[in-house]
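Heads up, structure.txt below (compact mmCIF, C-alpha atoms and all ligand atoms):
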# COMPACT_ATOMS: atom_id res chain seq x y z
CA MET A 30 11.06 31.56 -14.81
CA ASP A 31 14.77 30.76 -15.08
CA LEU A 32 15.54 27.08 -15.48
CA ARG A 33 19.31 27.47 -15.19
CA TYR A 34 20.78 26.29 -11.92
CA SER A 35 22.65 28.85 -9.82
CA GLU A 36 26.00 28.41 -8.08
CA ALA A 37 24.10 27.79 -4.82
CA ASP A 38 22.09 25.05 -6.56
CA GLU A 39 25.28 23.42 -7.82
CA ALA A 40 26.80 23.59 -4.33
CA PHE A 41 23.68 21.88 -3.03
CA ARG A 42 24.07 19.26 -5.76
CA ARG A 43 27.56 18.45 -4.46
CA GLU A 44 26.21 18.12 -0.92
CA VAL A 45 23.42 15.75 -2.03
CA ARG A 46 25.66 13.68 -4.30
CA GLY A 47 28.33 13.35 -1.60
CA TRP A 48 25.80 12.07 0.91
CA LEU A 49 24.05 9.68 -1.51
CA ASP A 50 27.37 8.25 -2.76
CA GLU A 51 28.02 6.92 0.74
CA ALA A 52 24.53 6.34 2.09
CA VAL A 53 22.97 4.38 -0.80
CA PRO A 54 25.47 1.48 -0.90
CA ALA A 55 25.62 1.43 2.90
CA TYR A 56 21.83 1.07 3.20
CA GLY A 57 21.65 -1.80 0.73
CA PRO A 58 18.96 -2.94 -1.70
CA PRO A 59 15.26 -3.25 -0.84
CA PRO A 60 14.03 -6.54 0.62
CA PRO A 61 12.46 -9.10 -1.73
CA PRO A 62 8.75 -8.46 -2.39
CA GLY A 63 6.06 -10.12 -0.31
CA ASP A 64 6.69 -9.11 3.29
CA TRP A 65 5.13 -5.69 3.76
CA ASP A 66 6.20 -5.25 7.38
CA VAL A 67 9.82 -5.69 6.35
CA ARG A 68 9.25 -3.33 3.45
CA ARG A 69 7.74 -0.73 5.75
CA ALA A 70 10.75 -0.94 8.05
CA TYR A 71 13.12 -0.58 5.06
CA ASP A 72 11.29 2.41 3.53
CA THR A 73 10.72 4.27 6.80
CA GLY A 74 14.30 3.54 7.89
CA TRP A 75 15.54 5.17 4.69
CA GLN A 76 13.18 8.10 5.21
CA ARG A 77 14.69 8.55 8.68
CA ARG A 78 18.19 8.66 7.20
CA LEU A 79 17.13 11.28 4.70
CA HIS A 80 15.61 13.29 7.53
CA ASP A 81 18.70 13.04 9.71
CA ALA A 82 20.85 14.14 6.77
CA GLY A 83 18.62 17.21 6.28
CA LEU A 84 17.26 15.81 3.00
CA ALA A 85 13.57 15.35 3.87
CA GLY A 86 10.86 17.96 3.21
CA LEU A 87 13.27 20.13 1.27
CA GLN A 88 10.56 22.65 0.39
CA TRP A 89 8.50 22.28 3.55
CA PRO A 90 8.69 25.20 6.02
CA ALA A 91 11.51 24.88 8.57
CA GLU A 92 9.03 25.24 11.47
CA PHE A 93 7.57 21.85 10.49
CA GLY A 94 10.91 20.08 10.14
CA GLY A 95 11.52 20.95 6.49
CA ARG A 96 14.38 22.94 5.02
CA GLY A 97 12.48 25.69 3.22
CA LEU A 98 14.71 25.39 0.14
CA PRO A 99 13.85 26.86 -3.28
CA ALA A 100 12.19 24.70 -5.96
CA SER A 101 15.38 24.63 -8.03
CA GLN A 102 17.11 22.69 -5.24
CA GLN A 103 14.23 20.23 -5.02
CA LEU A 104 14.80 19.56 -8.74
CA VAL A 105 18.55 19.19 -8.28
CA TYR A 106 17.85 16.76 -5.46
CA LEU A 107 15.52 14.66 -7.65
CA GLU A 108 18.12 14.52 -10.44
CA GLU A 109 20.82 13.33 -8.05
CA TYR A 110 18.47 10.96 -6.26
CA ALA A 111 17.49 9.18 -9.49
CA ALA A 112 21.09 9.05 -10.74
CA SER A 113 22.32 7.48 -7.48
CA GLY A 114 19.93 4.51 -7.64
CA ALA A 115 18.62 5.39 -4.15
CA PRO A 116 15.55 3.45 -3.01
CA TYR A 117 12.13 4.51 -4.26
CA VAL A 118 10.33 6.53 -1.56
CA GLY A 119 7.71 3.76 -1.62
CA ILE A 120 5.62 3.54 1.51
CA ASN A 121 6.29 7.21 2.35
CA PHE A 122 4.90 8.45 -0.98
CA VAL A 123 1.43 9.61 0.11
CA GLY A 124 2.70 11.36 3.25
CA ASN A 125 5.58 13.12 1.53
CA ALA A 126 4.02 13.86 -1.81
CA HIS A 127 0.45 14.92 -1.12
CA ALA A 128 -0.88 14.39 2.43
CA GLY A 129 1.88 16.51 3.98
CA PRO A 130 1.65 19.25 1.33
CA THR A 131 -2.17 19.30 1.72
CA LEU A 132 -1.80 19.83 5.48
CA ILE A 133 0.73 22.60 4.85
CA ALA A 134 -1.75 24.31 2.50
CA GLU A 135 -5.05 23.58 4.27
CA GLY A 136 -4.48 22.02 7.71
CA THR A 137 -4.75 23.62 11.14
CA ASP A 138 -1.59 24.49 13.08
CA GLU A 139 -2.30 21.62 15.44
CA GLN A 140 -2.59 19.14 12.55
CA ARG A 141 0.62 20.44 11.01
CA ARG A 142 2.55 20.34 14.29
CA PHE A 143 1.46 16.77 14.96
CA HIS A 144 1.70 15.13 11.54
CA LEU A 145 4.36 16.87 9.48
CA PRO A 146 7.45 16.06 11.59
CA ARG A 147 6.27 12.45 11.95
CA ILE A 148 5.95 12.08 8.17
CA LEU A 149 9.41 13.52 7.62
CA ARG A 150 11.01 11.30 10.27
CA GLY A 151 9.40 8.16 8.79
CA GLU A 152 7.40 7.60 11.98
CA SER A 153 4.02 7.61 10.33
CA VAL A 154 2.80 6.17 7.05
CA TRP A 155 -0.19 7.54 5.15
CA CYS A 156 -2.55 6.08 2.58
CA GLN A 157 -5.27 7.60 0.43
CA GLY A 158 -8.95 6.69 0.84
CA PHE A 159 -10.53 8.49 -2.10
CA SER A 160 -11.77 5.88 -4.64
CA GLU A 161 -14.77 3.65 -4.05
CA PRO A 162 -16.29 0.82 -6.07
CA GLY A 163 -18.76 3.33 -7.59
CA ALA A 164 -16.52 6.40 -7.53
CA GLY A 165 -13.22 6.39 -9.44
CA SER A 166 -13.07 8.85 -12.30
CA ASP A 167 -16.33 10.32 -11.01
CA LEU A 168 -14.82 10.74 -7.56
CA ALA A 169 -17.50 13.16 -6.36
CA ALA A 170 -20.02 10.29 -6.55
CA LEU A 171 -18.46 8.81 -3.37
CA ARG A 172 -20.90 7.40 -0.83
CA THR A 173 -18.89 6.66 2.32
CA ARG A 174 -20.98 8.40 4.93
CA ALA A 175 -19.85 10.39 7.96
CA VAL A 176 -22.40 11.42 10.56
CA ARG A 177 -21.49 13.90 13.25
CA GLU A 178 -21.96 12.75 16.85
CA GLY A 179 -20.75 15.44 19.27
CA ASP A 180 -17.03 16.01 18.69
CA GLU A 181 -16.66 13.05 16.34
CA TYR A 182 -17.67 11.83 12.91
CA VAL A 183 -18.86 8.23 12.68
CA VAL A 184 -17.83 6.79 9.33
CA THR A 185 -19.36 3.88 7.41
CA GLY A 186 -18.62 2.78 3.85
CA GLN A 187 -16.01 1.21 1.57
CA LYS A 188 -12.87 2.43 -0.14
CA ILE A 189 -10.91 0.59 -2.83
CA TRP A 190 -7.46 0.71 -4.47
CA SER A 191 -5.96 2.29 -1.34
CA THR A 192 -2.26 1.81 -2.00
CA ARG A 193 -0.38 0.21 0.90
CA ALA A 194 -3.28 0.79 3.31
CA HIS A 195 -2.26 -2.46 5.04
CA VAL A 196 0.85 -0.76 6.43
CA ALA A 197 -0.59 2.72 6.93
CA ASP A 198 -1.18 4.60 10.18
CA TRP A 199 -3.26 7.45 8.75
CA CYS A 200 -5.56 7.91 5.80
CA GLU A 201 -6.57 11.00 3.84
CA LEU A 202 -10.25 10.09 3.73
CA LEU A 203 -13.08 11.58 1.68
CA VAL A 204 -16.56 11.19 3.12
CA ARG A 205 -20.06 12.42 2.38
CA THR A 206 -21.32 14.65 5.17
CA ASP A 207 -24.39 16.08 3.39
CA PRO A 208 -26.22 13.51 1.27
CA ASP A 209 -28.85 16.06 0.21
CA ALA A 210 -26.42 18.62 -1.25
CA PRO A 211 -25.30 18.50 -4.93
CA LYS A 212 -22.59 15.83 -5.10
CA HIS A 213 -19.55 18.14 -5.08
CA LYS A 214 -20.91 20.15 -2.17
CA GLY A 215 -21.51 17.48 0.48
CA ILE A 216 -17.96 16.09 0.78
CA THR A 217 -15.50 16.47 3.68
CA TRP A 218 -11.73 15.67 3.89
CA LEU A 219 -10.83 13.83 7.12
CA ILE A 220 -7.69 12.38 8.72
CA LEU A 221 -8.57 8.80 9.69
CA ASP A 222 -6.59 6.86 12.29
CA MET A 223 -6.20 3.41 10.68
CA HIS A 224 -5.52 1.67 14.01
CA GLN A 225 -9.01 1.48 15.49
CA PRO A 226 -12.03 -0.82 15.60
CA GLY A 227 -14.30 -0.32 12.58
CA VAL A 228 -11.39 -0.17 10.08
CA GLU A 229 -10.80 -3.42 8.21
CA VAL A 230 -8.12 -3.56 5.51
CA ARG A 231 -8.08 -6.34 2.90
CA PRO A 232 -5.10 -6.47 0.51
CA MET A 233 -5.79 -7.29 -3.16
CA LYS A 234 -3.45 -9.31 -5.39
CA THR A 235 -2.25 -7.82 -8.69
CA ILE A 236 -0.76 -9.22 -11.92
CA ASP A 237 2.82 -9.01 -10.58
CA GLY A 238 1.90 -11.30 -7.69
CA GLU A 239 2.11 -8.44 -5.16
CA SER A 240 -0.50 -6.82 -2.91
CA HIS A 241 0.03 -3.11 -3.42
CA PHE A 242 -3.63 -2.14 -3.06
CA CYS A 243 -6.33 -2.73 -0.51
CA GLU A 244 -10.01 -2.52 0.06
CA VAL A 245 -10.81 -0.61 3.24
CA PHE A 246 -14.10 -1.34 5.00
CA LEU A 247 -15.33 1.26 7.47
CA ASP A 248 -17.98 0.30 9.97
CA GLY A 249 -18.57 2.93 12.63
CA ALA A 250 -14.95 4.19 12.55
CA ARG A 251 -14.50 7.39 14.54
CA VAL A 252 -12.75 10.59 13.51
CA PRO A 253 -12.47 13.55 15.90
CA VAL A 254 -13.77 16.80 14.40
CA THR A 255 -10.29 18.23 15.04
CA ASN A 256 -9.09 15.83 12.30
CA ARG A 257 -11.15 17.60 9.65
CA VAL A 258 -9.11 19.43 7.01
CA GLY A 259 -11.01 22.48 5.75
CA GLU A 260 -14.64 23.11 6.59
CA GLU A 261 -17.42 20.52 6.69
CA ASN A 262 -18.78 20.05 3.13
CA ASP A 263 -15.82 22.00 1.67
CA GLY A 264 -13.89 18.79 1.00
CA TRP A 265 -14.10 18.94 -2.78
CA ARG A 266 -11.99 22.11 -2.82
CA VAL A 267 -9.42 20.50 -0.47
CA THR A 268 -9.49 17.35 -2.65
CA ASN A 269 -8.49 19.39 -5.66
CA VAL A 270 -5.52 20.76 -3.72
CA THR A 271 -4.46 17.17 -2.91
CA LEU A 272 -4.96 16.01 -6.50
CA ARG A 273 -2.96 18.87 -7.88
CA PHE A 274 -0.03 17.90 -5.64
CA GLU A 275 -0.53 14.24 -6.59
CA ARG A 276 -0.63 14.89 -10.33
CA GLY A 277 1.85 17.75 -10.42
CA THR A 278 4.80 18.02 -8.08
CA ALA A 279 4.52 14.43 -6.84
CA PHE A 280 5.20 13.11 -10.32
CA ALA A 281 8.45 15.03 -10.68
CA GLY A 282 10.33 12.22 -8.96
CA HIS A 283 8.69 9.61 -11.17
CA ILE A 284 9.55 11.46 -14.36
CA ILE A 285 13.23 11.71 -13.61
CA THR A 286 13.36 7.95 -12.97
CA LEU A 287 12.24 7.40 -16.59
CA ARG A 288 15.65 8.74 -17.54
CA SER A 289 17.44 6.01 -15.60
CA GLN A 290 15.01 3.35 -16.81
CA LEU A 291 15.79 4.32 -20.41
CA ARG A 292 19.54 4.23 -19.67
CA ARG A 293 19.17 0.67 -18.33
CA ILE A 294 17.35 -0.33 -21.49
CA VAL A 295 20.04 1.26 -23.67
CA ALA A 296 22.62 -0.77 -21.76
CA LEU A 297 20.60 -3.90 -22.50
CA ALA A 298 20.44 -2.96 -26.19
CA GLY A 299 24.23 -2.58 -26.24
CA GLU A 300 24.82 -5.24 -28.85
CA ALA A 301 22.01 -3.97 -31.08
CA VAL A 302 23.23 -0.39 -31.59
CA ASP A 303 23.77 -1.05 -35.29
CA ARG A 304 19.99 -1.15 -35.71
CA PRO A 305 19.05 2.35 -36.95
CA ASP A 306 15.34 1.81 -36.22
CA LEU A 307 16.16 1.07 -32.58
CA CYS A 308 18.53 4.04 -32.29
CA ARG A 309 15.85 6.35 -33.67
CA ARG A 310 13.27 4.98 -31.25
CA VAL A 311 15.56 5.35 -28.26
CA GLY A 312 16.52 8.86 -29.42
CA ARG A 313 12.89 9.92 -29.64
CA LEU A 314 12.05 8.49 -26.23
CA ASP A 315 15.08 10.21 -24.73
CA ALA A 316 14.07 13.55 -26.26
CA ARG A 317 10.55 13.16 -24.86
CA VAL A 318 11.90 12.38 -21.37
CA GLU A 319 14.00 15.56 -21.52
CA ALA A 320 11.03 17.64 -22.75
CA LEU A 321 8.86 16.29 -19.96
CA TRP A 322 11.56 17.09 -17.41
CA ARG A 323 11.65 20.71 -18.65
CA MET A 324 7.87 20.88 -18.26
CA THR A 325 8.27 19.47 -14.75
CA GLN A 326 10.75 22.21 -13.94
CA ARG A 327 8.18 24.73 -15.12
CA CYS A 328 5.41 23.18 -13.00
CA VAL A 329 7.55 22.99 -9.88
CA THR A 330 8.76 26.57 -10.18
CA GLU A 331 5.19 27.73 -10.84
CA ALA A 332 4.04 25.90 -7.72
CA GLU A 333 6.68 27.79 -5.75
CA ALA A 334 5.50 31.13 -7.07
CA THR A 335 1.79 30.52 -6.45
CA GLY A 336 1.89 28.13 -3.47
CA LEU A 337 -0.14 25.57 -5.46
CA PRO A 338 0.83 23.17 -8.24
CA SER A 339 -0.16 24.40 -11.68
CA PRO A 340 -3.07 22.80 -13.60
CA LEU A 341 -0.37 21.84 -16.12
CA GLY A 342 0.16 18.90 -13.75
CA SER A 343 -2.51 17.04 -15.76
CA ALA A 344 -0.39 17.36 -18.88
CA LEU A 345 2.66 16.15 -16.95
CA LYS A 346 0.79 13.17 -15.59
CA LEU A 347 -0.54 12.26 -19.03
CA GLY A 348 2.87 12.61 -20.69
CA TYR A 349 4.62 10.63 -17.98
CA SER A 350 2.08 7.78 -18.03
CA GLU A 351 2.14 7.21 -21.76
CA LEU A 352 5.90 7.65 -22.09
CA GLY A 353 6.50 5.30 -19.16
CA GLN A 354 4.46 2.60 -20.87
CA GLU A 355 6.35 3.02 -24.15
CA ILE A 356 9.72 2.78 -22.40
CA ALA A 357 8.64 -0.31 -20.47
CA ARG A 358 7.34 -1.93 -23.68
CA LEU A 359 10.69 -1.30 -25.42
CA GLY A 360 12.43 -3.06 -22.53
CA MET A 361 10.18 -6.09 -22.99
CA GLU A 362 10.72 -6.17 -26.74
CA LEU A 363 14.48 -6.15 -26.27
CA LEU A 364 14.33 -8.90 -23.70
CA GLY A 365 12.28 -11.04 -26.05
CA ARG A 366 12.16 -14.69 -25.02
CA ARG A 367 14.45 -13.97 -22.05
CA ALA A 368 11.46 -12.32 -20.36
CA ILE A 369 9.81 -15.70 -19.92
CA GLY A 370 10.61 -17.34 -16.63
CA THR A 371 12.06 -14.33 -14.82
CA ASP A 372 10.91 -14.11 -11.24
CA GLY A 373 11.36 -11.70 -8.33
CA ASN A 374 13.22 -8.41 -8.64
CA ASP A 375 16.84 -9.32 -8.22
CA THR A 376 18.15 -9.48 -11.80
CA GLU A 377 18.13 -6.77 -14.44
CA ASP A 378 15.85 -8.90 -16.66
CA ALA A 379 13.39 -9.43 -13.81
CA ARG A 380 13.36 -5.71 -13.06
CA LEU A 381 12.48 -4.91 -16.67
CA VAL A 382 9.66 -7.46 -16.68
CA HIS A 383 8.41 -6.00 -13.41
CA ASP A 384 8.63 -2.46 -14.85
CA TYR A 385 6.53 -3.63 -17.80
CA LEU A 386 3.80 -5.25 -15.68
CA TRP A 387 3.78 -2.25 -13.35
CA SER A 388 3.52 0.19 -16.28
CA PHE A 389 -0.09 -0.84 -16.98
CA GLN A 390 -1.22 1.14 -13.96
CA TYR A 391 0.41 4.42 -15.06
CA THR A 392 -2.54 5.47 -17.21
CA ILE A 393 -5.07 4.69 -14.44
CA ALA A 394 -3.58 5.77 -11.09
CA ALA A 395 -4.12 9.39 -9.96
CA GLY A 396 -6.80 9.84 -12.63
CA THR A 397 -6.94 8.01 -15.97
CA SER A 398 -5.51 9.39 -19.20
CA GLN A 399 -9.03 10.10 -20.49
CA ILE A 400 -9.74 12.17 -17.38
CA GLN A 401 -6.43 14.06 -17.74
CA ARG A 402 -7.38 14.81 -21.36
CA ASN A 403 -10.76 16.14 -20.20
CA LEU A 404 -8.98 18.35 -17.63
CA ILE A 405 -6.46 19.62 -20.15
CA GLY A 406 -9.30 20.45 -22.56
CA GLU A 407 -11.44 22.20 -19.99
CA ARG A 408 -9.01 23.78 -17.51
CA ILE A 409 -5.96 24.54 -19.62
CA LEU A 410 -7.34 25.04 -23.13
CA GLY A 411 -10.67 26.47 -21.99
CA LEU A 412 -12.72 24.18 -24.25
CA PRO A 413 -16.40 23.65 -23.47
CA LYS A 414 -17.22 20.94 -20.92
CA GLY A 415 -17.83 17.48 -22.40
CA ARG A 416 -21.14 15.77 -21.73
C1 LIG B 1 -1.60 1.95 -9.13
C2 LIG B 1 -2.86 2.57 -8.61
C3 LIG B 1 -2.85 3.15 -7.36
C4 LIG B 1 -4.02 3.71 -6.86
N1 LIG B 1 -3.99 4.19 -5.59
C5 LIG B 1 -5.10 4.70 -5.06
C6 LIG B 1 -5.09 5.13 -3.72
O1 LIG B 1 -4.09 5.01 -2.99
N2 LIG B 1 -6.24 5.66 -3.21
C7 LIG B 1 -7.37 5.79 -3.96
O2 LIG B 1 -8.33 6.32 -3.45
N3 LIG B 1 -7.41 5.37 -5.25
C8 LIG B 1 -6.30 4.82 -5.81
N4 LIG B 1 -6.33 4.35 -7.10
C9 LIG B 1 -7.58 4.39 -7.85
C10 LIG B 1 -7.59 5.33 -9.03
O3 LIG B 1 -7.64 6.67 -8.61
C11 LIG B 1 -8.78 4.93 -9.91
O4 LIG B 1 -8.53 3.62 -10.40
C12 LIG B 1 -8.95 5.87 -11.08
O5 LIG B 1 -9.37 7.13 -10.65
C13 LIG B 1 -9.97 5.32 -12.10
O6 LIG B 1 -11.17 4.95 -11.48
P1 LIG B 1 -11.82 3.52 -11.74
O7 LIG B 1 -10.76 2.50 -11.58
O8 LIG B 1 -13.04 3.43 -10.92
O9 LIG B 1 -12.22 3.54 -13.31
P2 LIG B 1 -13.54 4.16 -13.92
O10 LIG B 1 -13.74 5.53 -13.39
O11 LIG B 1 -14.65 3.18 -13.78
O12 LIG B 1 -13.14 4.29 -15.44
C14 LIG B 1 -13.25 3.22 -16.38
C15 LIG B 1 -12.88 3.75 -17.76
O13 LIG B 1 -13.81 4.76 -18.19
C16 LIG B 1 -13.13 5.96 -18.54
N5 LIG B 1 -13.93 7.13 -18.13
C17 LIG B 1 -14.60 7.29 -16.97
N6 LIG B 1 -15.20 8.50 -16.93
C18 LIG B 1 -14.86 9.13 -18.09
C19 LIG B 1 -15.14 10.43 -18.63
N7 LIG B 1 -15.87 11.32 -17.97
N8 LIG B 1 -14.61 10.75 -19.84
C20 LIG B 1 -13.84 9.85 -20.52
N9 LIG B 1 -13.55 8.60 -20.07
C21 LIG B 1 -14.04 8.26 -18.87
C22 LIG B 1 -11.84 5.90 -17.73
O14 LIG B 1 -10.84 6.71 -18.33
C23 LIG B 1 -11.50 4.42 -17.78
O15 LIG B 1 -10.85 4.11 -18.99
C24 LIG B 1 -5.20 3.75 -7.63
C25 LIG B 1 -5.21 3.16 -8.90
C26 LIG B 1 -4.06 2.57 -9.37
C27 LIG B 1 -4.11 1.92 -10.73

Write out the structure in this file as structure tokens.
Ligand SMILES: Cc1cc2nc3c(=O)[nH]c(=O)nc-3n(C[C@H](O)[C@H](O)[C@H](O)COP(=O)(O)OP(=O)(O)OC[C@H]3O[C@@H](n4cnc5c(N)ncnc54)[C@H](O)[C@@H]3O)c2cc1C
Amino acid sequence: MDLRYSEADEAFRREVRGWLDEAVPAYGPPPPPGDWDVRRAYDTGWQRRLHDAGLAGLQWPAEFGGRGLPASQQLVYLEEYAASGAPYVGINFVGNAHAGPTLIAEGTDEQRRFHLPRILRGESVWCQGFSEPGAGSDLAALRTRAVREGDEYVVTGQKIWSTRAHVADWCELLVRTDPDAPKHKGITWLILDMHQPGVEVRPMKTIDGESHFCEVFLDGARVPVTNRVGEENDGWRVTNVTLRFERGTAFAGHIITLRSQLRRIVALAGEAVDRPDLCRRVGRLDARVEALWRMTQRCVTEAEATGLPSPLGSALKLGYSELGQEIARLGMELLGRRAIGTDGNDTEDARLVHDYLWSFQYTIAAGTSQIQRNLIGERILGLPKGR
């Protein structure tokens, strides 16, 4: 592993920075929250621009519309992307960060040929249908049932917390295909078309007044067998591939944005720099962001060498979640009484309040901190399994 950037990486950095310097101001800020159709158009429109500029799917194989670049250039890209203030990938997150990579690793050629270019061009939006009311941390307890009828599976059950399912075209869906097998052995990973009878999506309102998540009710929804990823009842293995992308490489982009969030907070603290306690706190947070970024570099380069994200992704996810909450809390403390009465997303104060409210989910989404600790204990440190 060599974490120094080469001359080719630095040349790529200039290319990315040059493009972002012009494209970000020209594209303009995201629309105000609330209207998800407008948001979808904004996010997918930006994805299309990235694609047309050759900046989508940097590490995906060229035959599927990617650029096949080395991991170091993906990292350079993320650094420049965060520094430029470019829009968050948002609605394209699942497709880009883990559905697409799962298809690259586990899908059939037909699935790859159909879905991957559409994801990269911003023509299709994906969501994740893993969690259920009785299956979150214990995901393998899922009960959504799929019964094979000829060349199709007929799916009935309920999913919950599916992020942005109300604007999604496709869903990475986990179903139970063998109810008599031990729970990890009767699961299958399917690609569900969200636009069909038998799929009902109900958005849920969260503390920030937004509807990021949805319940998804499935009542006789149909999935062609050709939309199965991996073998029938081998879905738990495929799920772990998806989760490793979700907890590992997908978080790289999030981690680098902590750097810019901390910079914004330092700017806010401008007049308070004579407070040594505050300087020490900011210094420590900054050092932890940098350490986490180095660990990210290690994970991403390991993923390149092995073709799969490293199990260290759990440690990354845990570190990012807890650090993100501490940074957001510092922002709130500095705002003090000014935090009361901010609304929307259009002022710096409102953004910091929003960051704080949003930060509560860090330690839950993509597996809670307790679950990451279990995984670190068992899979990285080799400790005995907890009861
Ligand atoms: C922002 C956000 C986005 C999400 N997006 C999606 C999505 O798009 N698709 C999707 O399918 N899901 C999504 N989820 C759901 C997420 O994966 C689950 O919320 C998460 O896995 C936890 O499950 P749960 O909410 O059922 O909590 P539970 O599993 O009920 O856990 C409750 C508490 O018990 C603890 N606990 C449970 N089991 C153990 C154990 N074995 N050891 C120690 N402690 C334990 C947990 O850590 C937690 O503190 C999202 C969640 C959030 C917050």

Which residues sit within 10 Å of ligand LIG 1 (chain B), counting all atoms listed in the file, listed as a PDB file with C-alpha atoms, in the coordinates of the input?
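Here's the written file result_11.pdb:
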ATOM      1  CA  PHE A 122       4.900   8.450  -0.980  1.00  0.00           C
ATOM      2  CA  VAL A 123       1.430   9.610   0.110  1.00  0.00           C
ATOM      3  CA  TRP A 155      -0.190   7.540   5.150  1.00  0.00           C
ATOM      4  CA  CYS A 156      -2.550   6.080   2.580  1.00  0.00           C
ATOM      5  CA  GLN A 157      -5.270   7.600   0.430  1.00  0.00           C
ATOM      6  CA  GLY A 158      -8.950   6.690   0.840  1.00  0.00           C
ATOM      7  CA  PHE A 159     -10.530   8.490  -2.100  1.00  0.00           C
ATOM      8  CA  SER A 160     -11.770   5.880  -4.640  1.00  0.00           C
ATOM      9  CA  GLU A 161     -14.770   3.650  -4.050  1.00  0.00           C
ATOM     10  CA  PRO A 162     -16.290   0.820  -6.070  1.00  0.00           C
ATOM     11  CA  GLY A 163     -18.760   3.330  -7.590  1.00  0.00           C
ATOM     12  CA  ALA A 164     -16.520   6.400  -7.530  1.00  0.00           C
ATOM     13  CA  GLY A 165     -13.220   6.390  -9.440  1.00  0.00           C
ATOM     14  CA  SER A 166     -13.070   8.850 -12.300  1.00  0.00           C
ATOM     15  CA  ASP A 167     -16.330  10.320 -11.010  1.00  0.00           C
ATOM     16  CA  LEU A 168     -14.820  10.740  -7.560  1.00  0.00           C
ATOM     17  CA  LYS A 188     -12.870   2.430  -0.140  1.00  0.00           C
ATOM     18  CA  ILE A 189     -10.910   0.590  -2.830  1.00  0.00           C
ATOM     19  CA  TRP A 190      -7.460   0.710  -4.470  1.00  0.00           C
ATOM     20  CA  SER A 191      -5.960   2.290  -1.340  1.00  0.00           C
ATOM     21  CA  THR A 192      -2.260   1.810  -2.000  1.00  0.00           C
ATOM     22  CA  ARG A 193      -0.380   0.210   0.900  1.00  0.00           C
ATOM     23  CA  ALA A 194      -3.280   0.790   3.310  1.00  0.00           C
ATOM     24  CA  CYS A 200      -5.560   7.910   5.800  1.00  0.00           C
ATOM     25  CA  GLU A 201      -6.570  11.000   3.840  1.00  0.00           C
ATOM     26  CA  LEU A 202     -10.250  10.090   3.730  1.00  0.00           C
ATOM     27  CA  LEU A 203     -13.080  11.580   1.680  1.00  0.00           C
ATOM     28  CA  THR A 235      -2.250  -7.820  -8.690  1.00  0.00           C
ATOM     29  CA  HIS A 241       0.030  -3.110  -3.420  1.00  0.00           C
ATOM     30  CA  PHE A 242      -3.630  -2.140  -3.060  1.00  0.00           C
ATOM     31  CA  CYS A 243      -6.330  -2.730  -0.510  1.00  0.00           C
ATOM     32  CA  GLU A 244     -10.010  -2.520   0.060  1.00  0.00           C
ATOM     33  CA  VAL A 245     -10.810  -0.610   3.240  1.00  0.00           C
ATOM     34  CA  LEU A 272      -4.960  16.010  -6.500  1.00  0.00           C
ATOM     35  CA  TRP A 387       3.780  -2.250 -13.350  1.00  0.00           C
ATOM     36  CA  SER A 388       3.520   0.190 -16.280  1.00  0.00           C
ATOM     37  CA  PHE A 389      -0.090  -0.840 -16.980  1.00  0.00           C
ATOM     38  CA  GLN A 390      -1.220   1.140 -13.960  1.00  0.00           C
ATOM     39  CA  TYR A 391       0.410   4.420 -15.060  1.00  0.00           C
ATOM     40  CA  THR A 392      -2.540   5.470 -17.210  1.00  0.00           C
ATOM     41  CA  ILE A 393      -5.070   4.690 -14.440  1.00  0.00           C
ATOM     42  CA  ALA A 394      -3.580   5.770 -11.090  1.00  0.00           C
ATOM     43  CA  ALA A 395      -4.120   9.390  -9.960  1.00  0.00           C
ATOM     44  CA  GLY A 396      -6.800   9.840 -12.630  1.00  0.00           C
ATOM     45  CA  THR A 397      -6.940   8.010 -15.970  1.00  0.00           C
ATOM     46  CA  SER A 398      -5.510   9.390 -19.200  1.00  0.00           C
ATOM     47  CA  GLN A 399      -9.030  10.100 -20.490  1.00  0.00           C
ATOM     48  CA  ILE A 400      -9.740  12.170 -17.380  1.00  0.00           C
ATOM     49  CA  GLN A 401      -6.430  14.060 -17.740  1.00  0.00           C
ATOM     50  CA  ARG A 402      -7.380  14.810 -21.360  1.00  0.00           C
ATOM     51  CA  ASN A 403     -10.760  16.140 -20.200  1.00  0.00           C
ATOM     52  CA  LEU A 404      -8.980  18.350 -17.630  1.00  0.00           C
ATOM     53  CA  GLY A 415     -17.830  17.480 -22.400  1.00  0.00           C
ATOM     54  CA  ARG A 416     -21.140  15.770 -21.730  1.00  0.00           C
TER      55      ARG A 416
END

Just need the box for segment 216-232 of chain A, edges along x, y and z, holding every atom the file lists for it with 3 Å tacked onto each side, so centre and edge lengths in Å to one decimal, as AutoDock Vina command-line options.
--center_x -11.5 --center_y 5.0 --center_z 8.1 --size_x 18.9 --size_y 28.9 --size_z 21.1

If you count all atoms listed in the file, which residues fall within 10 Å of Leu107 of chain A, apart from same-chain ones fewer than 5 positions away, as a JSON list (two decimals) with C-alpha atoms, keeping the file's coordinate frame?
[["chain", "number", "residue", "atom", "x", "y", "z"],
["A", 42, "ARG", "CA", 24.07, 19.26, -5.76],
["A", 45, "VAL", "CA", 23.42, 15.75, -2.03],
["A", 101, "SER", "CA", 15.38, 24.63, -8.03],
["A", 102, "GLN", "CA", 17.11, 22.69, -5.24],
["A", 112, "ALA", "CA", 21.09, 9.05, -10.74],
["A", 113, "SER", "CA", 22.32, 7.48, -7.48],
["A", 281, "ALA", "CA", 8.45, 15.03, -10.68],
["A", 282, "GLY", "CA", 10.33, 12.22, -8.96],
["A", 283, "HIS", "CA", 8.69, 9.61, -11.17],
["A", 284, "ILE", "CA", 9.55, 11.46, -14.36],
["A", 285, "ILE", "CA", 13.23, 11.71, -13.61],
["A", 286, "THR", "CA", 13.36, 7.95, -12.97]]
